[in-house]
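*Asks:* Okay, here's the structure, questions in a sec.
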Amino acid sequence: MTEVRAAVVAARRIVVKVGSSSISGANAAQIGPLVDALAATHARGAEVILVSSGAIATGMPYLKLDSRPDDLATQQAAAAVGQNVLIYRYQDSLDRYKIVAGQVLLTAGDLENPAHRSNAQRAVERLLGLRILPIVNENDTVATHEIRFGDNDRLAALVSELVGADLLVLLSDVDALYTRPPGEPGAERIAHVPASDDLSGVKLGDIGSAGVGTGGAGTKIAAARHATRGGIPVLLTSTGNVAAALAGEVTGTWFDASTD
């Protein structure tokens with residue numbers, strides 16, 4: 001697996017995706033270590049783009065909500081409040097490294113419309129050129145059920161494609177992909193997924209223990225497949241392992257990029 005470590009360290013443009021449950025609620029303190037890892041990668045000269053979920057989950061306490069709202073209007077209200085708080089938390093942590101964040105909010109329609117897609121690409125490229133760290137999220141305040149990405153794993157894959165990333169890192173609550181949910185007997189860690197592997201033997205679980213996200217192992221596999229088909233390798237691991245992953249240590253599940 002030496003080549004995996006080399007591929008991570010050699011990557012000059014890296015998209016990192018983190019889920020809601022990893023950086024909101026009781027896990028909000030994980031923003032600090034996540035930023036530490038991103039800053040270390042930034043310091044070695046790589047361009048880093050963070051795709052961060054968490055606006056709705058972060059906004060929920062301010063709306064006095066105990067669980068993720070079901071109706072679109074309340075989701076939009078929670079996102080409007082939470083996105084502001086979320087970006088503040090990231091910037092507050094990034095200040096330690098004198099790194100400036102740039103907020104980029106997208107809808108599915110933005111990446112389907114050629115003019116909007118070009119504008120988004122140009123904006124991110126300029127931010128990277130200025131050594132700003134773009135933080136991308138779905139624009140939940142204006143998105144509708146019909147035009148949503150569905151989950152930010154897919155958004156991260158599309159952003160990786162948009163910017164021509166060398167690597168996509170998908171972070172979750174679980175340290176790797178397993179043959180079945182890790183808590184079940186017989187679950188085995190999958191360290192490496194060749195481009196030709198359809199993972200037909202993998203049994204998928206639910207969206208996670210926190211219940212505030214919209215993704216799960218299935219969305220991560222789908223996102224990884226999208227990215228790898230476009231020639232972008234993918235590393236799936238836990239948010240707690242992000243520093244080791246970005247330093248090139250062997251961790252998580254590696255998805256080979258397609259060479260077709």
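In the structure tokens, chains take the letters A, B, ... in the order shown, each chain's residues start at 1, and ligands count up from 1 in the order shown.
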Would you mind listing what lies within 10 Å of stretch 196-203 of chain A as number ranges by chain, with only C-alpha atoms counted and same-chain residues fewer than 2 positions away left out?

*Replies:* A: 177-181, 187-188, 190, 192-194, 205, 217-218, 221, 225, 255-258

*Asks:* Just want the 7 Å neighbourhood of A:Ala78, counted on only C-alpha atoms, with same-chain residues fewer than 4 positions away dropped. Output as a PyMOL selection string.

*Replies:* chain A and resi 56+59-60+63+74+82

*Asks:* With N, CA, C and O atoms retained, write the just-selected residues as a PDB file, in the first residue's frame.

*Replies:*
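Result went into again.pdb, see below:
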```pdb
ATOM      1  N   ILE A  56     -27.933  22.573   8.732  1.00  0.00           N
ATOM      2  CA  ILE A  56     -29.215  22.309   9.389  1.00  0.00           C
ATOM      3  C   ILE A  56     -28.988  21.812  10.812  1.00  0.00           C
ATOM      4  O   ILE A  56     -29.609  22.292  11.767  1.00  0.00           O
ATOM      5  N   GLY A  59     -27.907  24.566  13.077  1.00  0.00           N
ATOM      6  CA  GLY A  59     -28.963  25.535  13.359  1.00  0.00           C
ATOM      7  C   GLY A  59     -30.074  25.021  14.249  1.00  0.00           C
ATOM      8  O   GLY A  59     -30.805  25.821  14.855  1.00  0.00           O
ATOM      9  N   MET A  60     -30.223  23.717  14.351  1.00  0.00           N
ATOM     10  CA  MET A  60     -31.340  23.137  15.111  1.00  0.00           C
ATOM     11  C   MET A  60     -31.451  23.635  16.557  1.00  0.00           C
ATOM     12  O   MET A  60     -32.553  24.017  16.990  1.00  0.00           O
ATOM     13  N   LEU A  63     -33.091  26.979  16.905  1.00  0.00           N
ATOM     14  CA  LEU A  63     -34.524  26.957  16.644  1.00  0.00           C
ATOM     15  C   LEU A  63     -35.262  26.103  17.675  1.00  0.00           C
ATOM     16  O   LEU A  63     -36.455  25.847  17.541  1.00  0.00           O
ATOM     17  N   THR A  74     -38.840  24.605   7.508  1.00  0.00           N
ATOM     18  CA  THR A  74     -38.071  24.609   8.755  1.00  0.00           C
ATOM     19  C   THR A  74     -36.629  24.187   8.506  1.00  0.00           C
ATOM     20  O   THR A  74     -35.704  24.704   9.138  1.00  0.00           O
ATOM     21  N   GLY A  82     -27.873  28.067  10.809  1.00  0.00           N
ATOM     22  CA  GLY A  82     -26.738  27.193  11.052  1.00  0.00           C
ATOM     23  C   GLY A  82     -25.542  27.453  10.155  1.00  0.00           C
ATOM     24  O   GLY A  82     -24.398  27.305  10.589  1.00  0.00           O
TER      25      GLY A  82
END
```

*Asks:* With DSSP run on the backbone, what are the strand (DSSP E) residues within stretch 46-257 of chain A? I'd like them as number ranges by chain.

*Replies:* A: 47-52, 101-106, 133-138, 167-172, 177-178, 189-190, 192-193, 234-238, 253-255

*Asks:* Between atom CA of A:Gly231 and atom CA of A:Gly19, what is the distance in Å, rounded to a tenth?

*Replies:*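 If I compute the distance from atom CA of A:Gly231 to atom CA of A:Gly19, I get 23.4 Å.
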
*Asks:* Where in stretch 47-244 of chain A does DSSP assign alpha helix (DSSP H), given as a short mmCIF file (atom, residue, chain, number, x, y, z; two decimals) with C-alpha atoms, in the first residue's frame?

*Replies:*
```cif
data_model
loop_
_atom_site.label_atom_id
_atom_site.label_comp_id
_atom_site.auth_asym_id
_atom_site.auth_seq_id
_atom_site.Cartn_x
_atom_site.Cartn_y
_atom_site.Cartn_z
CA ALA A 55 -25.84 23.78 8.41
CA ILE A 56 -29.21 22.31 9.39
CA ALA A 57 -27.80 20.29 12.30
CA THR A 58 -25.89 23.33 13.60
CA GLY A 59 -28.96 25.53 13.36
CA LEU A 72 -38.74 22.01 3.90
CA ALA A 73 -39.45 25.48 5.31
CA THR A 74 -38.07 24.61 8.75
CA GLN A 75 -35.06 22.91 7.18
CA GLN A 76 -34.43 26.10 5.25
CA ALA A 77 -34.77 28.22 8.40
CA ALA A 78 -32.37 25.95 10.33
CA ALA A 79 -29.89 26.09 7.45
CA ALA A 80 -30.04 29.89 7.29
CA VAL A 81 -29.10 30.15 10.96
CA GLY A 82 -26.74 27.19 11.05
CA GLN A 83 -24.66 28.09 7.99
CA ASN A 84 -23.71 31.38 9.58
CA VAL A 85 -22.65 29.70 12.83
CA LEU A 86 -20.85 26.87 11.03
CA ILE A 87 -18.70 29.18 8.92
CA TYR A 88 -17.89 31.27 12.00
CA ARG A 89 -16.67 28.14 13.80
CA TYR A 90 -14.48 27.15 10.89
CA GLN A 91 -13.01 30.63 10.48
CA ASP A 92 -12.43 30.98 14.21
CA SER A 93 -10.38 27.78 14.11
CA LEU A 94 -8.61 28.65 10.85
CA ALA A 108 -27.85 21.00 -7.94
CA GLY A 109 -29.18 23.42 -10.53
CA ASP A 110 -25.93 25.41 -10.36
CA LEU A 111 -23.91 22.43 -11.56
CA GLU A 112 -26.45 21.44 -14.22
CA PRO A 114 -23.56 25.50 -17.96
CA ALA A 115 -23.33 29.22 -17.15
CA HIS A 116 -23.76 28.70 -13.40
CA ARG A 117 -21.33 25.77 -13.47
CA SER A 118 -18.72 27.90 -15.20
CA ASN A 119 -19.21 30.69 -12.67
CA ALA A 120 -18.82 28.28 -9.75
CA GLN A 121 -15.68 26.78 -11.27
CA ARG A 122 -14.16 30.21 -11.88
CA ALA A 123 -14.94 31.36 -8.34
CA VAL A 124 -13.36 28.29 -6.72
CA GLU A 125 -10.31 28.50 -8.98
CA ARG A 126 -9.80 32.14 -8.01
CA LEU A 127 -10.16 31.37 -4.31
CA LEU A 128 -7.55 28.63 -4.61
CA GLY A 129 -5.26 30.96 -6.54
CA ASN A 152 -23.11 16.06 0.32
CA ASP A 153 -21.20 12.91 -0.65
CA ARG A 154 -22.58 13.37 -4.14
CA LEU A 155 -21.87 17.09 -3.97
CA ALA A 156 -18.26 16.35 -3.00
CA ALA A 157 -17.85 14.02 -5.99
CA LEU A 158 -19.29 16.64 -8.33
CA VAL A 159 -17.06 19.35 -6.86
CA SER A 160 -14.03 17.07 -7.28
CA GLU A 161 -14.97 16.67 -10.91
CA LEU A 162 -15.63 20.41 -11.30
CA VAL A 163 -12.17 21.42 -10.06
CA ALA A 217 -22.31 3.94 3.31
CA GLY A 218 -24.45 3.69 0.17
CA THR A 219 -24.10 7.37 -0.70
CA LYS A 220 -20.37 7.23 -0.07
CA ILE A 221 -19.95 4.23 -2.37
CA ALA A 222 -22.00 5.99 -5.05
CA ALA A 223 -19.93 9.18 -4.65
CA ALA A 224 -16.70 7.21 -4.76
CA ARG A 225 -17.84 5.46 -7.93
CA HIS A 226 -18.67 8.79 -9.58
CA ALA A 227 -15.26 10.23 -8.70
CA THR A 228 -13.24 7.16 -9.63
CA ARG A 229 -15.00 6.87 -12.99
CA VAL A 242 -8.28 12.73 9.00
CA ALA A 243 -4.80 13.85 10.11
CA ALA A 244 -3.32 10.41 9.49
#
```

*Asks:* Need to verify the contact set: A:Val104, 7 Å, only C-alpha atoms, exclusion of same-chain residues closer than 5 positions in sequence. Can you return it as number ranges by chain?

*Replies:* A: 134-137

*Asks:* Could you please take those selected residues and save N, CA, C and O atoms as a compact mmCIF listing (two decimals), in the first residue's frame?

*Replies:*
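Dumped everything to result36.txt:
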```txt
# COMPACT_ATOMS: atom_id res chain seq x y z
N PRO A 134 -11.68 27.20 0.22
CA PRO A 134 -13.12 27.21 -0.05
C PRO A 134 -13.84 26.19 0.83
O PRO A 134 -13.38 25.05 0.98
N ILE A 135 -14.96 26.61 1.42
CA ILE A 135 -15.81 25.69 2.17
C ILE A 135 -17.14 25.64 1.43
O ILE A 135 -17.87 26.63 1.35
N VAL A 136 -17.45 24.48 0.88
CA VAL A 136 -18.61 24.31 0.01
C VAL A 136 -19.71 23.57 0.77
O VAL A 136 -19.44 22.63 1.52
N ASN A 137 -20.93 24.01 0.58
CA ASN A 137 -22.08 23.31 1.14
C ASN A 137 -23.25 23.48 0.17
O ASN A 137 -23.25 24.38 -0.67
```

*Asks:* So which one's closest to A:Ala165, A:Glu249, A:Leu106, A:Arg5, A:Ile232? Using only C-alpha atoms, please.

*Replies:*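 Smallest distance to A:Ala165 is found for A:Ile232.
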
*Asks:* Just the number, please: distance in Å from atom CA of A:Ala26 to atom CA of A:Gly240, one decimal.

*Replies:*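 Going from atom CA of A:Ala26 over to atom CA of A:Gly240 covers 14.0 Å.
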
*Asks:* Rounded to one decimal, what separation in Å do you get between atom CA of A:Ala43 and atom CA of A:Ile99?

*Replies:*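 Computed distance, atom CA of A:Ala43 to atom CA of A:Ile99, equals 9.8 Å.
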
*Asks:* Got a sec: who's within 8 Å of A:Glu47, counting only C-alpha atoms, leaving out chain neighbours fewer than 2 positions off, as a list in words?

*Replies:*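 Here the answer would be Arg12, Arg13, Ile14, Thr41, His42, Gly45, Ile49, Leu128, Arg131 and Leu133 of chain A.
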
*Asks:* At a cut-off of 8 Å, using only C-alpha atoms, what residues contact A:Trp254? Leave out same-chain residues fewer than 6 positions from it and give the result as a list in words.

*Replies:* Val4, Ala191, His192, Val193, Pro233, Val234, Leu235 and Leu236 of chain A

*Asks:* Kindly indicate which residue among A:Gly216, A:Val16, A:Val100, A:Val51 lies nearest to A:Val174, using only C-alpha atoms for the distances.

*Replies:*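 Looking at the shortest contact to A:Val174, the residue is A:Gly216.
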
*Asks:* With only C-alpha atoms as the counted atoms, please give the residues lying no more than 6 Å from A:Lys17, apart from itself and same-chain residues fewer than 4 positions off, as a PyMOL selection string.

*Replies:* chain A and resi 50-52+170-171

*Asks:* Mind dumping the selected residues with C-alpha atoms as a PDB file, in the first residue's frame?

*Replies:*
```pdb
ATOM      1  CA  LEU A  50     -13.682  21.414   2.183  1.00  0.00           C
ATOM      2  CA  VAL A  51     -17.203  20.210   1.435  1.00  0.00           C
ATOM      3  CA  SER A  52     -18.967  20.501   4.772  1.00  0.00           C
ATOM      4  CA  LEU A 170     -14.799  11.208   2.333  1.00  0.00           C
ATOM      5  CA  LEU A 171     -15.010  11.452   6.126  1.00  0.00           C
TER       6      LEU A 171
END
```
